[in-house]
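Colleague: Could you have a look at this structure, given as structure tokens, before my questions?
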Amino acid sequence: MKKRIRQCFGKAASSYSDAASVQREVAARCANFCPEGNYSRVLDVGSGVGFLYAELAKRLKFDDYVSLDLVRPMLMEQRKVNTAFLLAADGENLPFSGERFDLLVSSSAMQWFSEPERSIADAFRVLKSGGRFSVAVFCRGTLAELADVSQRTGFGSVKELRDESFYRDVFSSLQGVKAEFSSAVYETYFSTVKEFLKKHKMTGAVASGGNISWGREKYLRFVEEYERLYRGEAGIRATYRTFFAYGEKL
């Protein structure tokens, strides 16, 4: 699965910033849960093209910002827009020892973790006592329309996401961590199904790991069903459900 993630997001690196409007909004909300102040060292897990850095730089001061991502081409996009220390590494196996960071952030990334119960807990290993954190993940219900029509028609594949309650339990069970929670639903609209699929592909989030069919007959049926079921006055609907956890390591 990690190989698939590298491939899909690597191909989408140059188009991600323009296509990922919801991810940009999620990053802004995630950043707003970080108390204003001065932070010596910040770790951004799954930093992508740098949405969180841009938002945090508006309201925080920091000495060192480590921008970590599995996908090197995504990190290379950041060179155009910020001065973070770029680190190509696996967010599920952080290459750090001890409590090294004052702020841990991650937006729209940890839903891709294969072992979130272990790896989310491990991320807090590198956060100092008294350090703050803010994490945002997409959860079940995201792209529910796409999942529904794909199942009906056999065209395409959508990553199966975990329930909000799963992440709430993971963060609630962390020892020595005080966490608060929030959630948000984002609805986006497109003029056509074709436009939606193109934008979706441009974000790289097609790395579902499922069996994907691109047959023309199935595609035409997919378009017809999506139009029939999910077109409103504003256009074709696509929904995103996001869970936020934020707080402090005691």
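A note on labels: chains of the structure tokens are A, B, ... as shown, every chain counts residues from 1, and ligands are counted from 1 in their shown order.
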Determine, using only C-alpha atoms, which residues of segment 15-39 of chain A have any atom at most 8 Å from an atom of segment 97-114 of chain A, and tabulate each with its shortest atom pair and distance in Å to one decimal place, rows ordered by chain and then rising number, as JSON lines.

Modeller:
```
{"residue": "A:Gln23", "atom": "CA", "partner": "A:Ser108", "partner_atom": "CA", "distance": 6.5}
{"residue": "A:Val26", "atom": "CA", "partner": "A:Ser107", "partner_atom": "CA", "distance": 7.0}
{"residue": "A:Ala27", "atom": "CA", "partner": "A:Ser107", "partner_atom": "CA", "distance": 5.7}
{"residue": "A:Cys30", "atom": "CA", "partner": "A:Ser107", "partner_atom": "CA", "distance": 6.7}
{"residue": "A:Tyr39", "atom": "CA", "partner": "A:Asp102", "partner_atom": "CA", "distance": 5.9}
```

Colleague: Generate the output file for the selected residues, C-alpha atoms, as a compact mmCIF listing (two decimals), in the first residue's frame.

Modeller:
```
# COMPACT_ATOMS: atom_id res chain seq x y z
CA GLN A 23 -7.46 19.66 2.33
CA VAL A 26 -8.83 21.26 6.84
CA ALA A 27 -5.23 22.42 7.34
CA CYS A 30 -6.14 22.14 12.18
CA TYR A 39 7.73 26.84 19.54
```

Colleague: Mind the document's chain letters and residue numbers, and return as a ChimeraX atom specification the residues of segment 131-199 of chain A that DSSP labels helix (DSSP H, G or I).

Modeller: /A:144-153,164-172,193-199

Colleague: In Å, with one decimal, what is the gap from atom CA of Glu160 of chain A to atom CA of Phe133 of chain A?

Modeller: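 A separation of 25.7 Å between them.
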
Colleague: Determine, counting only C-alpha atoms, which protein, DNA and RNA residues have an atom within 12 Å of an atom of Tyr219 of chain A; residues of the same chain fewer than 4 positions away are not included. Present the result as a list in words.

Modeller: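 Within the cut-off, the hits are Val149, Ser150, Arg152, Thr153, Gly154, Phe155, Gly156, Val193, Lys194, Leu197, Ile212, Ser213, Trp214, Gly215, Val223, Glu224, Glu225 and Tyr226 of chain A.
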
Colleague: For the residues in the current selection, export N, CA, C and O atoms as a tab-separated table (two decimals), in the first residue's frame.

Modeller:
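Written output follows (selection-v6.tsv):
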```tsv
chain	number	residue	atom	x	y	z
A	149	VAL	N	-21.64	4.99	-5.54
A	149	VAL	CA	-21.79	4.79	-6.99
A	149	VAL	C	-20.78	3.76	-7.50
A	149	VAL	O	-21.09	2.96	-8.39
A	150	SER	N	-19.59	3.74	-6.93
A	150	SER	CA	-18.60	2.73	-7.33
A	150	SER	C	-19.10	1.33	-7.02
A	150	SER	O	-18.94	0.40	-7.82
A	152	ARG	N	-22.22	0.41	-6.76
A	152	ARG	CA	-23.37	0.12	-7.61
A	152	ARG	C	-22.96	-0.28	-9.03
A	152	ARG	O	-23.61	-1.10	-9.67
A	153	THR	N	-21.88	0.32	-9.51
A	153	THR	CA	-21.52	0.18	-10.92
A	153	THR	C	-20.28	-0.67	-11.17
A	153	THR	O	-20.02	-1.09	-12.30
A	154	GLY	N	-19.48	-0.91	-10.13
A	154	GLY	CA	-18.24	-1.65	-10.30
A	154	GLY	C	-17.13	-0.83	-10.92
A	154	GLY	O	-16.10	-1.37	-11.33
A	155	PHE	N	-17.32	0.49	-10.99
A	155	PHE	CA	-16.30	1.37	-11.56
A	155	PHE	C	-15.59	2.13	-10.45
A	155	PHE	O	-16.23	2.79	-9.64
A	156	GLY	N	-14.26	2.03	-10.42
A	156	GLY	CA	-13.49	2.78	-9.44
A	156	GLY	C	-13.38	2.05	-8.11
A	156	GLY	O	-13.90	0.95	-7.92
A	193	VAL	N	-19.47	15.17	-13.49
A	193	VAL	CA	-18.79	14.03	-12.88
A	193	VAL	C	-17.35	13.95	-13.37
A	193	VAL	O	-16.42	13.64	-12.61
A	194	LYS	N	-17.15	14.23	-14.64
A	194	LYS	CA	-15.81	14.20	-15.21
A	194	LYS	C	-14.89	15.18	-14.50
A	194	LYS	O	-13.72	14.86	-14.20
A	197	LEU	N	-13.97	13.73	-11.02
A	197	LEU	CA	-12.99	12.65	-11.09
A	197	LEU	C	-11.60	13.18	-11.43
A	197	LEU	O	-10.59	12.70	-10.90
A	212	ILE	N	-9.45	-1.56	-9.41
A	212	ILE	CA	-10.03	-0.45	-10.15
A	212	ILE	C	-10.36	-0.90	-11.56
A	212	ILE	O	-9.53	-1.47	-12.25
A	213	SER	N	-11.58	-0.62	-11.98
A	213	SER	CA	-12.00	-0.94	-13.35
A	213	SER	C	-12.19	0.36	-14.11
A	213	SER	O	-12.84	1.28	-13.64
A	214	TRP	N	-11.63	0.42	-15.31
A	214	TRP	CA	-11.76	1.61	-16.12
A	214	TRP	C	-12.51	1.33	-17.42
A	214	TRP	O	-12.37	2.05	-18.38
A	215	GLY	N	-13.31	0.25	-17.46
A	215	GLY	CA	-14.06	-0.07	-18.67
A	215	GLY	C	-15.02	1.04	-19.04
A	215	GLY	O	-15.65	1.66	-18.18
A	223	VAL	N	-21.17	7.49	-14.45
A	223	VAL	CA	-21.55	8.89	-14.65
A	223	VAL	C	-23.06	9.05	-14.55
A	223	VAL	O	-23.57	9.97	-13.89
A	224	GLU	N	-23.78	8.16	-15.18
A	224	GLU	CA	-25.25	8.23	-15.18
A	224	GLU	C	-25.80	8.11	-13.77
A	224	GLU	O	-26.69	8.87	-13.36
A	225	GLU	N	-25.26	7.16	-13.00
A	225	GLU	CA	-25.75	6.94	-11.64
A	225	GLU	C	-25.38	8.11	-10.71
A	225	GLU	O	-26.18	8.53	-9.89
A	226	TYR	N	-24.17	8.62	-10.86
A	226	TYR	CA	-23.76	9.75	-10.02
A	226	TYR	C	-24.65	10.96	-10.30
A	226	TYR	O	-25.11	11.66	-9.38
```

Colleague: Skipping near chain neighbours, those fewer than 4 positions away, what residues fall within 9 Å of Asn32 of chain A using only C-alpha atoms, listed as a list in words?

Modeller: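 In the requested form, the answer reads Ala27, Ala28, Glu36, Glu55, Leu56, Arg59 and Ser134 of chain A.
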
Colleague: Those selected residues, please, written with N, CA, C and O atoms and delivered as a compact mmCIF listing (two decimals), in the first residue's frame.

Modeller:
```
# COMPACT_ATOMS: atom_id res chain seq x y z
N ALA A 27 -6.50 21.98 6.77
CA ALA A 27 -5.23 22.42 7.34
C ALA A 27 -5.40 23.72 8.11
O ALA A 27 -4.81 23.91 9.19
N ALA A 28 -6.20 24.63 7.59
CA ALA A 28 -6.43 25.91 8.27
C ALA A 28 -7.12 25.69 9.61
O ALA A 28 -6.75 26.30 10.63
N GLU A 36 -1.43 30.04 20.03
CA GLU A 36 -0.41 30.97 19.56
C GLU A 36 0.74 31.01 20.55
O GLU A 36 0.57 30.80 21.75
N GLU A 55 -0.27 27.84 7.10
CA GLU A 55 -1.25 28.31 8.06
C GLU A 55 -0.62 28.61 9.41
O GLU A 55 -0.94 29.62 10.05
N LEU A 56 0.28 27.74 9.85
CA LEU A 56 0.92 27.95 11.15
C LEU A 56 1.81 29.18 11.16
O LEU A 56 1.92 29.88 12.17
N ARG A 59 0.36 32.45 12.45
CA ARG A 59 -0.03 32.70 13.84
C ARG A 59 0.96 32.21 14.89
O ARG A 59 0.79 32.49 16.08
N SER A 134 -1.94 18.95 17.26
CA SER A 134 -3.19 19.12 16.52
C SER A 134 -3.15 18.20 15.31
O SER A 134 -2.22 18.26 14.51
```

Colleague: My list of candidates is A:Arg140, A:Lys218, A:Arg118, A:Arg237. Which is closest to Arg162 of chain A when distances are computed with only C-alpha atoms?

Modeller: A:Arg140

Colleague: Smallest atom-to-atom distance to Ser172 of chain A: which of A:Pro73, A:Gly10, A:Gly247, A:Gly37, using only C-alpha atoms?

Modeller: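 Using only C-alpha atoms, the shortest distance to Ser172 of chain A belongs to A:Gly247.
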
Colleague: Please report, as a VMD selection string, each residue of segment 146-223 of chain A to which DSSP assigns strand (DSSP E or B) when run on this structure's backbone.

Modeller: chain A and resid 177 to 190

Colleague: Given the choices A:Ile236, A:Ala121, A:Leu75, A:Ala57, which gets closest to Gln175 of chain A if the distance is worked out from only C-alpha atoms?

Modeller: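 Nearest to Gln175 of chain A: A:Ala121.
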
Colleague: So how many Å separate atom CA of Phe62 of chain A and atom CA of Asp44 of chain A, to one decimal?

Modeller: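 Between atom CA of Phe62 of chain A and atom CA of Asp44 of chain A the gap works out to 12.4 Å.
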
Colleague: Calculate how many Å separate atom CA of Arg41 of chain A from atom CA of Ile5 of chain A, rounding to one decimal.

Modeller: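 Taking atom CA of Arg41 of chain A and atom CA of Ile5 of chain A, their separation equals 27.4 Å.
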
Colleague: Env of Tyr240 of chain A: 12 Å cut, atoms = only C-alpha atoms, seq-sep filter 6 positions within chain, self excluded. Answer as number ranges by chain.

Modeller: A: 20-23, 25-26, 108, 137-147, 161, 183-189

Colleague: Could you dump the residues just selected with N, CA, C and O atoms as an mmCIF file, in the first residue's frame?

Modeller:
```cif
data_model
loop_
_atom_site.group_PDB
_atom_site.id
_atom_site.type_symbol
_atom_site.label_atom_id
_atom_site.label_comp_id
_atom_site.auth_asym_id
_atom_site.auth_seq_id
_atom_site.Cartn_x
_atom_site.Cartn_y
_atom_site.Cartn_z
ATOM 1 N N ALA A 20 -6.607 20.391 -4.257
ATOM 2 C CA ALA A 20 -6.957 19.967 -2.898
ATOM 3 C C ALA A 20 -7.556 21.108 -2.078
ATOM 4 O O ALA A 20 -7.003 21.507 -1.048
ATOM 5 N N SER A 21 -8.687 21.631 -2.493
ATOM 6 C CA SER A 21 -9.295 22.768 -1.794
ATOM 7 C C SER A 21 -9.793 22.381 -0.407
ATOM 8 O O SER A 21 -9.653 23.158 0.553
ATOM 9 N N VAL A 22 -10.367 21.199 -0.262
ATOM 10 C CA VAL A 22 -10.852 20.772 1.046
ATOM 11 C C VAL A 22 -9.680 20.536 1.990
ATOM 12 O O VAL A 22 -9.707 20.951 3.158
ATOM 13 N N GLN A 23 -8.637 19.897 1.495
ATOM 14 C CA GLN A 23 -7.459 19.655 2.328
ATOM 15 C C GLN A 23 -6.850 20.964 2.816
ATOM 16 O O GLN A 23 -6.338 21.033 3.940
ATOM 17 N N GLU A 25 -8.593 23.719 3.440
ATOM 18 C CA GLU A 25 -9.487 24.182 4.499
ATOM 19 C C GLU A 25 -9.261 23.410 5.793
ATOM 20 O O GLU A 25 -9.277 23.976 6.891
ATOM 21 N N VAL A 26 -9.066 22.101 5.669
ATOM 22 C CA VAL A 26 -8.829 21.264 6.843
ATOM 23 C C VAL A 26 -7.536 21.686 7.535
ATOM 24 O O VAL A 26 -7.472 21.767 8.768
ATOM 25 N N SER A 108 -4.758 15.620 7.269
ATOM 26 C CA SER A 108 -5.178 14.845 6.092
ATOM 27 C C SER A 108 -4.149 13.791 5.702
ATOM 28 O O SER A 108 -3.923 13.541 4.521
ATOM 29 N N VAL A 137 -7.846 14.091 10.554
ATOM 30 C CA VAL A 137 -7.917 12.919 9.676
ATOM 31 C C VAL A 137 -9.281 12.873 8.996
ATOM 32 O O VAL A 137 -10.297 13.280 9.572
ATOM 33 N N PHE A 138 -9.298 12.360 7.784
ATOM 34 C CA PHE A 138 -10.567 12.079 7.124
ATOM 35 C C PHE A 138 -11.100 10.755 7.666
ATOM 36 O O PHE A 138 -10.339 9.800 7.870
ATOM 37 N N CYS A 139 -12.388 10.684 7.896
ATOM 38 C CA CYS A 139 -12.975 9.471 8.461
ATOM 39 C C CYS A 139 -14.151 8.985 7.606
ATOM 40 O O CYS A 139 -14.474 9.572 6.567
ATOM 41 N N ARG A 140 -14.740 7.888 8.058
ATOM 42 C CA ARG A 140 -15.820 7.259 7.298
ATOM 43 C C ARG A 140 -16.924 8.254 6.978
ATOM 44 O O ARG A 140 -17.333 9.035 7.832
ATOM 45 N N GLY A 141 -17.395 8.224 5.763
ATOM 46 C CA GLY A 141 -18.367 9.199 5.272
ATOM 47 C C GLY A 141 -17.745 10.137 4.261
ATOM 48 O O GLY A 141 -18.457 10.803 3.504
ATOM 49 N N THR A 142 -16.406 10.171 4.243
ATOM 50 C CA THR A 142 -15.704 10.950 3.225
ATOM 51 C C THR A 142 -15.885 10.290 1.867
ATOM 52 O O THR A 142 -15.698 9.078 1.725
ATOM 53 N N LEU A 143 -16.282 11.081 0.876
ATOM 54 C CA LEU A 143 -16.551 10.585 -0.477
ATOM 55 C C LEU A 143 -17.547 9.435 -0.473
ATOM 56 O O LEU A 143 -17.429 8.474 -1.229
ATOM 57 N N ALA A 144 -18.549 9.578 0.399
ATOM 58 C CA ALA A 144 -19.580 8.539 0.486
ATOM 59 C C ALA A 144 -20.327 8.387 -0.831
ATOM 60 O O ALA A 144 -20.740 7.283 -1.201
ATOM 61 N N GLU A 145 -20.505 9.492 -1.538
ATOM 62 C CA GLU A 145 -21.187 9.432 -2.836
ATOM 63 C C GLU A 145 -20.389 8.597 -3.833
ATOM 64 O O GLU A 145 -20.937 7.739 -4.537
ATOM 65 N N LEU A 146 -19.086 8.844 -3.884
ATOM 66 C CA LEU A 146 -18.220 8.098 -4.786
ATOM 67 C C LEU A 146 -18.216 6.615 -4.432
ATOM 68 O O LEU A 146 -18.288 5.747 -5.312
ATOM 69 N N ALA A 147 -18.139 6.311 -3.137
ATOM 70 C CA ALA A 147 -18.139 4.919 -2.695
ATOM 71 C C ALA A 147 -19.437 4.221 -3.073
ATOM 72 O O ALA A 147 -19.438 3.066 -3.535
ATOM 73 N N LEU A 161 -12.359 4.033 4.999
ATOM 74 C CA LEU A 161 -11.857 4.822 6.120
ATOM 75 C C LEU A 161 -12.481 4.350 7.430
ATOM 76 O O LEU A 161 -13.525 3.695 7.445
ATOM 77 N N SER A 183 -15.173 17.960 14.990
ATOM 78 C CA SER A 183 -15.399 17.343 13.684
ATOM 79 C C SER A 183 -16.022 18.370 12.751
ATOM 80 O O SER A 183 -16.567 19.384 13.188
ATOM 81 N N ALA A 184 -15.913 18.106 11.472
ATOM 82 C CA ALA A 184 -16.462 19.022 10.473
ATOM 83 C C ALA A 184 -16.828 18.248 9.222
ATOM 84 O O ALA A 184 -16.214 17.228 8.893
ATOM 85 N N VAL A 185 -17.846 18.741 8.542
ATOM 86 C CA VAL A 185 -18.278 18.160 7.270
ATOM 87 C C VAL A 185 -18.125 19.221 6.187
ATOM 88 O O VAL A 185 -18.567 20.363 6.358
ATOM 89 N N TYR A 186 -17.474 18.844 5.104
ATOM 90 C CA TYR A 186 -17.267 19.752 3.979
ATOM 91 C C TYR A 186 -17.984 19.184 2.752
ATOM 92 O O TYR A 186 -17.781 18.021 2.402
ATOM 93 N N GLU A 187 -18.808 19.993 2.130
ATOM 94 C CA GLU A 187 -19.473 19.586 0.896
ATOM 95 C C GLU A 187 -18.919 20.411 -0.253
ATOM 96 O O GLU A 187 -18.889 21.643 -0.191
ATOM 97 N N THR A 188 -18.467 19.730 -1.286
ATOM 98 C CA THR A 188 -17.956 20.404 -2.477
ATOM 99 C C THR A 188 -18.832 20.047 -3.661
ATOM 100 O O THR A 188 -19.485 18.997 -3.676
ATOM 101 N N TYR A 189 -18.837 20.920 -4.660
ATOM 102 C CA TYR A 189 -19.705 20.725 -5.824
ATOM 103 C C TYR A 189 -18.918 20.946 -7.113
ATOM 104 O O TYR A 189 -18.030 21.802 -7.178
#
```

Colleague: Go through A:Arg24, A:Lys128, A:Lys3, A:Arg72 and flag the residue nearest Leu43 of chain A, using only C-alpha atoms for the distances.

Modeller: A:Lys128

Colleague: With only C-alpha atoms as the basis for distance, which of A:Ala136, A:Val170, A:Ala205, A:Leu220 is at the shortest distance from Thr242 of chain A?

Modeller: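 Nearest to Thr242 of chain A: A:Ala136.
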
Colleague: Counting only C-alpha atoms, which residue out of A:Thr83, A:Ser165, A:Gln78, A:Ser173 sits closest to Glu117 of chain A?

Modeller: A:Ser173
